[in-house]
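See below for upload_19.cif, which holds mmCIF, C-alpha atoms.
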data_model
#
loop_
_atom_site.label_atom_id
_atom_site.label_comp_id
_atom_site.auth_asym_id
_atom_site.auth_seq_id
_atom_site.Cartn_x
_atom_site.Cartn_y
_atom_site.Cartn_z
CA MET A 4 166.15 225.35 169.13
CA ALA A 5 163.96 222.84 167.29
CA ARG A 6 166.48 222.74 164.48
CA ILE A 7 169.28 222.11 166.95
CA ALA A 8 167.25 219.31 168.57
CA GLY A 9 166.51 217.77 165.17
CA ALA A 10 170.15 217.83 164.09
CA ALA A 11 171.38 216.54 167.46
CA ALA A 12 168.97 213.60 167.27
CA GLN A 13 171.34 212.19 164.70
CA ILE A 14 174.29 212.15 167.10
CA THR A 15 174.52 208.48 168.00
CA PRO A 16 177.49 206.39 169.09
CA GLY A 17 176.86 203.72 166.43
CA LEU A 18 177.85 200.76 168.62
CA SER A 19 178.08 197.29 167.12
CA ASP A 20 177.26 194.13 169.11
CA ARG A 21 180.96 193.57 169.50
CA ASP A 22 181.37 197.11 170.93
CA VAL A 23 178.57 196.39 173.40
CA GLU A 24 180.21 193.15 174.58
CA ARG A 25 183.52 194.95 174.93
CA LEU A 26 181.92 197.62 177.13
CA VAL A 27 180.05 195.05 179.22
CA ALA A 28 183.26 193.08 179.82
CA GLY A 29 185.11 196.30 180.66
CA ALA A 30 182.48 197.29 183.21
CA ARG A 31 182.68 193.83 184.78
CA ARG A 32 186.46 194.11 185.14
CA ARG A 33 186.23 197.58 186.66
CA ARG A 34 183.64 196.39 189.18
CA ARG A 35 185.88 193.56 190.32
CA ARG A 36 188.90 195.86 190.55
CA ARG A 37 186.92 198.36 192.64
CA ASP A 38 185.67 195.64 195.00
CA ARG A 39 189.24 194.35 195.44
CA MET A 40 190.51 197.85 196.20
CA ARG A 41 187.75 198.44 198.73
CA ARG A 42 188.60 195.21 200.52
CA THR A 43 192.29 196.18 200.62
CA VAL A 44 191.49 199.64 202.00
CA LEU A 45 189.21 198.17 204.67
CA VAL A 46 191.78 195.62 205.77
CA GLY A 47 194.49 198.30 205.80
CA ALA A 48 192.35 200.67 207.84
CA ALA A 49 191.51 197.93 210.35
CA ALA A 50 195.19 196.99 210.68
CA ALA A 51 196.20 200.63 211.18
CA TRP A 52 193.51 201.11 213.82
CA LEU A 53 194.64 198.00 215.68
CA ALA A 54 198.27 199.14 215.57
CA VAL A 55 197.45 202.60 216.92
CA THR A 56 195.20 201.21 219.65
CA GLY A 57 197.85 198.70 220.68
CA ALA A 58 200.51 201.40 220.80
CA MET A 59 198.32 203.65 222.94
CA ILE A 60 197.56 200.85 225.38
CA GLU A 61 201.23 200.00 225.64
CA PHE A 62 202.16 203.65 226.15
CA HIS A 63 199.68 204.14 228.97
CA ARG A 64 200.69 200.89 230.59
CA ALA A 65 204.38 201.84 230.55
CA ARG A 66 203.95 205.46 231.60
CA PRO A 67 203.73 205.14 235.41
CA ALA A 68 206.82 202.96 235.49
CA THR A 69 208.85 205.37 233.38
CA ALA A 70 207.82 208.39 235.44
CA ALA A 71 209.72 207.26 238.54
CA LYS A 72 213.23 205.85 238.97
CA THR A 73 213.83 202.82 241.12
CA VAL A 74 217.05 202.75 243.19
CA ALA A 75 218.28 201.40 246.49
CA THR A 76 219.11 204.30 248.77
CA SER A 77 219.75 204.91 252.43
CA VAL A 78 216.48 205.73 254.12
CA GLU A 79 215.44 205.66 257.73
CA ALA A 80 213.12 202.72 257.24
CA PRO A 81 214.38 199.72 255.23
CA PRO A 82 212.25 199.05 252.15
CA THR A 83 209.66 196.32 252.42
CA PRO A 84 210.77 193.22 250.47
CA GLY A 85 209.23 193.13 247.03
CA GLN A 86 208.28 196.78 247.09
CA ARG A 87 209.82 199.54 244.98
CA ILE A 88 211.00 202.86 246.36
CA LEU A 89 209.76 205.87 244.48
CA LEU A 90 212.80 208.06 243.85
CA LEU A 91 212.17 211.42 242.28
CA SER A 92 214.51 213.44 240.16
CA ASP A 93 215.35 215.87 242.99
CA GLY A 94 216.26 213.07 245.35
CA SER A 95 212.95 212.99 247.25
CA THR A 96 211.79 209.48 248.09
CA ALA A 97 208.60 207.65 248.94
CA VAL A 98 209.26 204.33 250.70
CA PRO A 99 206.45 201.78 251.03
CA LEU A 100 206.24 200.43 254.60
CA ASP A 101 203.78 197.60 254.03
CA PRO A 102 203.63 194.80 251.47
CA ASP A 103 200.32 196.07 250.11
CA THR A 104 201.26 199.74 250.02
CA GLN A 105 200.50 201.33 246.68
CA ILE A 106 202.01 204.64 245.63
CA GLU A 107 201.54 206.38 242.31
CA LEU A 108 203.37 209.38 240.93
CA LEU A 109 200.75 211.74 239.56
CA GLU A 110 202.84 214.69 238.48
CA GLN A 111 206.47 215.74 238.44
CA ARG A 112 207.34 219.24 237.29
CA PRO A 113 209.92 221.75 238.45
CA GLU A 114 207.29 223.71 240.38
CA ARG A 115 205.11 220.84 241.55
CA VAL A 116 205.25 217.18 242.48
CA ALA A 117 202.13 215.17 243.30
CA VAL A 118 202.06 211.62 244.63
CA SER A 119 199.06 209.49 245.47
CA LEU A 120 199.03 207.05 248.39
CA MET A 121 196.38 204.64 247.19
CA ARG A 122 196.76 202.12 250.01
CA GLY A 123 198.90 201.27 253.02
CA ARG A 124 201.77 203.26 254.60
CA ALA A 125 204.69 205.11 253.11
CA GLN A 126 207.47 207.25 254.41
CA PHE A 127 208.34 210.38 252.47
CA GLN A 128 211.64 212.21 252.52
CA VAL A 129 211.29 215.43 250.58
CA THR A 130 214.29 217.44 249.41
CA PRO A 131 213.79 221.07 250.49
CA GLN A 132 212.92 223.27 247.52
CA PRO A 133 211.14 226.50 248.45
CA ARG A 134 209.75 227.09 244.95
CA ARG A 135 208.42 223.57 244.54
CA THR A 136 205.24 222.22 246.10
CA PHE A 137 205.24 218.56 247.11
CA LEU A 138 201.79 217.05 247.55
CA VAL A 139 200.71 213.66 248.84
CA HIS A 140 197.11 212.76 248.04
CA ALA A 141 195.54 210.18 250.31
CA GLY A 142 191.85 209.88 249.62
CA GLU A 143 190.23 213.16 250.51
CA VAL A 144 193.26 214.31 252.48
CA ARG A 145 196.11 216.22 250.93
CA VAL A 146 199.50 216.66 252.57
CA THR A 147 201.57 219.61 251.33
CA VAL A 148 205.25 219.85 252.17
CA VAL A 149 208.15 222.09 251.34
CA GLY A 150 211.02 219.96 252.67
CA THR A 151 210.62 217.37 255.33
CA ALA A 152 210.41 213.70 256.31
CA PHE A 153 207.05 212.29 257.27
CA THR A 154 204.92 209.17 257.13
CA VAL A 155 201.42 208.90 255.72
CA GLU A 156 199.13 205.98 256.41
CA ARG A 157 195.69 205.15 255.06
CA VAL A 158 193.30 203.10 257.14
CA ALA A 159 189.79 202.88 255.72
CA ASP A 160 188.73 206.47 255.21
CA ARG A 161 191.21 207.96 257.68
CA VAL A 162 194.71 209.17 257.00
CA GLY A 163 197.45 209.27 259.62
CA VAL A 164 200.33 211.73 259.26
CA THR A 165 203.52 211.55 261.34
CA VAL A 166 206.25 214.14 260.82
CA GLN A 167 209.86 213.27 261.61
CA ARG A 168 211.42 216.42 260.30
CA GLY A 169 210.10 219.80 259.20
CA THR A 170 206.46 220.76 258.93
CA VAL A 171 203.64 219.61 256.72
CA ARG A 172 200.24 221.10 256.09
CA VAL A 173 197.33 218.71 255.94
CA ASP A 174 194.18 219.72 254.07
CA TRP A 175 190.83 217.97 254.13
CA ASP A 176 187.35 218.90 253.11
CA GLY A 177 186.32 221.54 255.58
CA GLY A 178 189.64 222.21 257.24
CA SER A 179 193.43 222.13 257.34
CA GLY A 180 196.18 221.97 259.92
CA LEU A 181 199.95 221.99 260.40
CA VAL A 182 201.85 219.03 261.71
CA HIS A 183 205.35 219.75 263.01
CA ALA A 184 208.33 217.53 263.61
CA GLY A 185 207.55 215.06 266.36
CA GLN A 186 203.81 215.36 265.88
CA SER A 187 201.20 213.11 264.33
CA GLY A 188 197.48 213.07 263.73
CA TRP A 189 194.57 211.36 262.01
CA TYR A 190 192.61 213.17 259.38
CA PRO A 191 189.95 214.26 258.84
CA PRO A 192 189.80 214.70 262.59
CA LEU A 193 186.77 213.32 264.35
CA VAL A 194 186.94 216.16 266.82
CA THR A 195 188.67 219.51 266.39
CA ILE A 196 191.78 219.10 268.54
CA PRO A 197 195.41 219.77 267.65
CA PRO A 198 197.77 216.87 266.85
CA VAL A 199 199.54 215.17 269.79
CA PRO A 200 203.20 214.14 269.97
CA ARG A 201 203.84 210.65 268.73
CA ALA A 202 204.82 207.98 271.28
CA ARG A 203 207.49 206.04 269.31
CA GLN A 204 208.95 205.95 265.83
CA HIS A 205 207.32 203.58 263.28
CA LYS A 206 204.33 202.92 265.47
CA PRO A 207 200.92 203.88 264.14
CA PRO A 208 200.03 207.32 265.42
CA GLN A 209 197.78 207.31 268.46
CA MET A 210 194.32 208.69 268.32
CA ALA A 211 194.32 212.14 269.86
CA ARG A 212 192.23 212.40 272.97
CA ALA A 213 189.47 214.87 273.00
CA HIS A 214 190.95 217.10 275.71
CA ALA A 215 194.71 216.49 275.35
CA PRO A 216 196.72 219.73 275.57
CA ASP A 217 198.82 220.99 272.69
CA ARG A 218 202.29 219.52 273.33
CA ARG A 219 204.49 220.81 270.54
CA PRO A 220 208.21 220.30 271.15
CA MET B 25 165.04 209.37 177.77
CA ARG B 26 164.46 211.12 174.47
CA LYS B 27 160.92 212.42 174.73
CA ALA B 28 160.70 214.94 171.92
CA GLN B 29 157.09 214.02 171.12
CA HIS B 30 155.40 214.46 174.50
CA SER B 31 156.23 215.57 177.99
CA GLN B 32 156.26 212.99 180.67
CA LYS B 33 157.18 213.33 184.27
CA VAL B 34 160.19 211.20 185.00
CA VAL B 35 160.04 209.61 188.40
CA LEU B 36 163.35 208.29 189.56
CA ARG B 37 162.76 206.04 192.52
CA LEU B 38 164.55 202.96 193.65
CA VAL B 39 161.67 200.54 194.09
CA PRO B 40 162.23 196.97 195.21
CA GLY B 41 160.16 194.60 193.16
CA ASP B 42 159.24 190.94 192.85
CA GLY B 43 161.25 188.34 191.08
CA PRO B 44 164.96 187.61 191.01
CA PRO B 45 167.46 190.46 190.97
CA PRO B 46 168.58 191.56 187.49
CA VAL B 47 171.80 190.13 186.17
CA LEU B 48 174.07 193.10 185.78
CA ASP B 49 175.64 192.05 182.49
CA ASP B 50 172.18 191.60 180.95
CA VAL B 51 171.17 195.06 182.14
CA TYR B 52 174.34 196.51 180.68
CA ARG B 53 173.73 194.87 177.30
CA ARG B 54 170.12 196.03 177.19
CA HIS B 55 170.92 199.67 177.97
CA CYS B 56 174.43 200.08 176.62
CA ARG B 57 173.50 201.92 173.41
CA TYR B 58 171.07 204.17 175.23
CA VAL B 59 173.61 205.17 177.91
CA ALA B 60 176.33 205.67 175.30
CA GLY B 61 174.03 207.94 173.28
CA VAL B 62 173.13 210.08 176.29
CA ILE B 63 176.76 210.40 177.27
CA LEU B 64 177.86 211.28 173.74
CA ARG B 65 175.30 214.07 173.38
CA LEU B 66 175.92 215.46 176.87
CA HIS B 67 179.68 215.18 176.80
CA GLY B 68 180.37 215.94 173.15
CA ARG B 69 183.57 213.89 172.76
CA PRO B 70 183.36 210.42 171.23
CA GLY B 71 186.81 209.47 172.54
CA ASP B 72 185.61 209.54 176.15
CA VAL B 73 182.36 207.63 175.66
CA ASP B 74 183.72 204.12 176.26
CA ASP B 75 185.39 205.13 179.52
CA LEU B 76 182.33 207.00 180.76
CA VAL B 77 179.93 204.20 179.87
CA GLN B 78 181.95 201.71 181.91
CA ASP B 79 182.20 204.16 184.84
CA VAL B 80 178.44 204.66 184.75
CA PHE B 81 177.76 200.92 184.79
CA VAL B 82 180.07 200.38 187.76
CA GLU B 83 178.62 203.31 189.70
CA ALA B 84 175.03 202.31 188.96
CA ALA B 85 175.50 198.64 189.90
CA PRO B 86 174.38 198.87 193.57
CA GLY B 87 171.19 200.72 192.58
CA ILE B 88 170.44 198.36 189.71
CA ALA B 89 170.60 195.37 192.04
CA ARG B 90 167.59 196.77 193.94
CA LEU B 91 165.42 197.55 190.89
CA ARG B 92 163.19 195.38 188.72
CA ASP B 93 161.26 197.73 186.42
CA PRO B 94 163.29 198.24 183.21
CA GLU B 95 162.04 201.83 182.82
CA VAL B 96 163.13 202.67 186.33
CA ILE B 97 166.53 201.09 185.69
CA LYS B 98 166.84 203.20 182.56
CA GLY B 99 166.06 206.34 184.52
CA TRP B 100 168.56 205.37 187.17
CA LEU B 101 171.25 204.89 184.53
CA ALA B 102 170.44 208.32 183.10
CA THR B 103 170.85 209.92 186.52
CA VAL B 104 174.21 208.28 187.04
CA ALA B 105 175.27 209.23 183.49
CA VAL B 106 174.48 212.91 184.11
CA ARG B 107 176.50 212.77 187.32
CA ALA B 108 179.48 211.16 185.61
CA VAL B 109 179.41 213.59 182.68
CA ARG B 110 179.17 216.54 185.06
CA ARG B 111 182.31 215.40 186.88
CA ARG B 112 184.16 214.88 183.62
CA LEU B 113 183.11 218.24 182.18
CA ARG B 114 184.25 220.05 185.30
CA MET B 115 187.59 218.35 185.14
CA ARG B 116 187.94 219.20 181.47
CA ARG B 117 187.07 222.82 182.15
CA ALA B 118 189.76 223.00 184.80
CA TRP B 119 192.32 221.47 182.41
CA ARG B 120 191.29 223.97 179.76
CA LEU B 121 191.81 226.90 182.13
CA LEU B 122 195.31 225.58 182.73
CA GLY B 123 195.88 225.19 179.00
CA LEU B 124 196.20 221.41 179.24
CA ASP B 125 193.09 220.33 177.34
CA THR B 126 194.54 218.98 174.07
CA ASP B 127 191.65 216.79 172.90
CA ALA B 128 189.53 219.68 171.68
CA ASP B 129 188.60 218.34 168.27
CA ASP B 130 184.95 217.33 168.19
CA THR B 131 184.55 216.93 164.44
CA ALA B 132 184.07 213.20 164.95
CA LEU B 133 180.99 213.97 167.03
CA VAL B 134 179.06 215.01 163.96
CA ASP B 135 178.14 212.36 161.41
CA PRO B 136 179.75 213.25 158.04
CA ARG B 137 176.61 212.03 156.30
CA LEU B 138 174.60 214.88 157.83
CA ALA B 139 173.67 217.85 155.72
CA THR B 140 176.38 220.50 155.68
CA ALA B 141 174.17 223.08 157.36
CA ASP B 142 173.31 220.71 160.19
CA ARG B 143 176.95 219.77 160.64
CA SER B 144 177.99 223.42 160.86
CA LEU B 145 175.16 224.17 163.26
CA LEU B 146 176.04 221.33 165.60
CA ARG B 147 179.73 222.18 165.48
CA ALA B 148 178.96 225.76 166.42
CA VAL B 149 176.57 224.72 169.20
CA TYR B 150 179.06 222.35 170.77
CA GLU B 151 181.82 224.94 170.59
CA LEU B 152 179.56 227.31 172.45
CA LEU B 153 178.66 224.60 174.96
CA GLU B 154 182.36 224.14 175.70
CA GLU B 155 182.57 227.77 176.83
CA MET B 156 179.53 227.60 179.06
CA PRO B 157 179.39 226.83 182.76
CA VAL B 158 178.87 223.11 183.20
CA GLN B 159 175.50 223.42 184.93
CA GLU B 160 174.07 225.57 182.15
CA ARG B 161 175.45 223.24 179.51
CA LEU B 162 173.83 220.21 181.13
CA ALA B 163 170.49 221.97 181.60
CA PHE B 164 170.46 223.02 177.94
CA THR B 165 171.57 219.65 176.58
CA LEU B 166 169.04 217.72 178.65
CA HIS B 167 166.18 220.10 177.89
CA VAL B 168 166.75 220.99 174.22
CA ILE B 169 168.84 218.15 172.79
CA GLU B 170 167.49 215.26 174.88
CA GLY B 171 163.97 216.70 174.99
CA GLU B 172 163.50 216.31 178.75
CA THR B 173 160.94 218.37 180.63
CA LEU B 174 162.29 220.99 182.98
CA GLU B 175 161.01 218.96 185.93
CA ALA B 176 163.07 216.01 184.74
CA VAL B 177 166.06 218.26 184.13
CA ALA B 178 165.79 219.56 187.69
CA LYS B 179 165.68 216.01 189.06
CA LEU B 180 168.57 214.82 186.93
CA CYS B 181 170.70 217.83 187.82
CA GLY B 182 169.72 217.80 191.48
CA CYS B 183 168.51 221.40 191.56
CA PRO B 184 165.18 223.24 192.05
CA LEU B 185 162.88 223.62 189.07
CA ALA B 186 163.38 227.40 188.93
CA THR B 187 167.13 226.94 188.79
CA ALA B 188 166.86 224.40 185.96
CA ARG B 189 164.60 226.76 184.05
CA ARG B 190 166.95 229.69 184.58
CA ARG B 191 170.02 227.73 183.50
CA SER B 192 168.40 226.35 180.38
CA ALA B 193 167.04 229.77 179.41
CA ARG B 194 170.38 231.45 179.93
CA ALA B 195 172.14 228.85 177.79
CA GLN B 196 169.55 229.19 175.02
CA ARG B 197 169.94 232.97 175.03
CA ARG B 198 173.71 232.70 174.71
CA ILE B 199 173.47 230.27 171.82
CA GLU B 200 170.81 232.29 170.03
CA GLN B 201 172.81 235.51 170.38
CA ARG B 202 176.04 233.94 169.14
CA LEU B 203 174.39 232.12 166.25
CA SER B 204 172.50 235.20 165.16
CA HIS B 205 175.78 237.15 165.09
CA GLY B 206 177.31 234.45 162.97
CA GLY B 207 179.37 232.97 165.83
#

Represent the supplied structure as structure tokens.
Amino acid sequence: MARIAGAAAQITPGLSDRDVERLVAGARRRRRRRDRMRRTVLVGAAAAWLAVTGAMIEFHRARPATAAKTVATSVEAPPTPGQRILLLSDGSTAVPLDPDTQIELLEQRPERVAVSLMRGRAQFQVTPQPRRTFLVHAGEVRVTVVGTAFTVERVADRVGVTVQRGTVRVDWDGGSGLVHAGQSGWYPPLVTIPPVPRARQHKPPQMARAHAPDRRP
Amino acid sequence: MRKAQHSQKVVLRLVPGDGPPPVLDDVYRRHCRYVAGVILRLHGRPGDVDDLVQDVFVEAAPGIARLRDPEVIKGWLATVAVRAVRRRLRMRRAWRLLGLDTDADDTALVDPRLATADRSLLRAVYELLEEMPVQERLAFTLHVIEGETLEAVAKLCGCPLATARRRSARAQRRIEQRLSHGG
């Protein structure tokens, strides 16, 4: 091994001063080229990130509007000026009844439709489909229908349900109940009494009295 | 880096120092021949030295900017050179396995003015080094040809001391066996 080391000690590149300057200049050029490339990659990555973020924001902004169709249709209550009717693909509708009513379509699938009543009053006309569940979420109250026409109203933390046609089931934390055609109620109920018949159409449902009898039609 | 006369522990540490930062071109000029020599002996192909030297200077630039001590800068350049040669040797080995390594002539490596016996010996050694795993080749070259201690070899190769010792010993055994059989 000593002989190998001794012989290898004579392996030298033999660089002249000119060779050294050439290598120094070459290294300088490569450094500049690398710095330029890094800047280009960084700028490109930033631009791509901005483009993707912008596209995602735009997609999420547009999604609720594309989920529901807007059309003028014959409904029992005329639409409130400036409000849009929520028309679903099976013909079911949700009609805002107040200027500040806010409805949002949460889900629309063949077996399940879910709508959220964020604020105000809305009238729902649901096309009967036995295999499809239609849900209206209003705060902590959930209204489940199979095929019917009914009105849901939110006032503070209470939800009023009035059924014009068919039957709906109303669920709340700690209980549930059925509301039939011609009936209305406020939920969650303050006292455990059945819903009472409504007095007139399009009037807010009356508070049920504590001892009113069950008066189903 | 050549320490054939005495062992010395090489400490490679990026230490900020006083004074103005080194001008990179001046550092390159001061250490160019040294780096080129290390690369030539590790790599074994004169045709690649220019390219590797420039790569090493570019890669070492950020570290150099933080150093002041010339000996520490030299050690840092050696570390980067070993890294660059390792990458190049691995690539060459892969090309060779695919039958695409055409630049296999290393006669220019050996100075024609050397004694015939030494030239034959070096040619044989470098042919054997070409067949070896890259890690063993580097351990042997750094330890035997460059004269580094095994501790320094371990640091330069980024491996434990026992591994450096094992690799160098294995490479030496291979070379001794082949040379004694006239290979």

Taking only C-alpha atoms into account, find every residue of chain A that has an atom no more than 7 Å from chain B, and write it out as a ChimeraX atom specification. /A:4,7-8,10-11,14-16,18,23,26-27,29-30,33-34

Between atom CA of Leu174 of chain B and atom CA of Pro94 of chain B, what is the distance, to one decimal in Å?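 Going from atom CA of Leu174 of chain B over to atom CA of Pro94 of chain B, I get 22.8 Å.
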
Two-atom distance - atom CA of Arg190 of chain B, atom CA of Pro157 of chain B (Å):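 Between these atoms lies a distance of 12.9 Å.
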
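For the atom pair formed by atom CA of His140 of chain A and atom CA of Val118 of chain A, the distance is 6.1 Å, given to one decimal.
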
Which residues fall under the PyMOL selection byres ((chain A and resi 111) around 10) in this file, as a PyMOL selection string? chain A and resi 70-71+91-93+108-110+112-118+137

Residues near Gln128 of chain A, cut-off 6 Å, only C-alpha atoms, skip fewer than 6 positions along chain, as a VMD selection string: chain A and resid 95 to 96 151 to 152

May I have the selected residues written with C-alpha atoms, as a compact mmCIF listing (two decimals), keeping the file's coordinate frame?
# COMPACT_ATOMS: atom_id res chain seq x y z
CA SER A 95 212.95 212.99 247.25
CA THR A 96 211.79 209.48 248.09
CA THR A 151 210.62 217.37 255.33
CA ALA A 152 210.41 213.70 256.31

Find, counting all atoms listed in the file, the residue in B:Leu91, B:Leu66, B:Leu122, B:Leu113 that gets nearest to Ala163 of chain B. B:Leu66
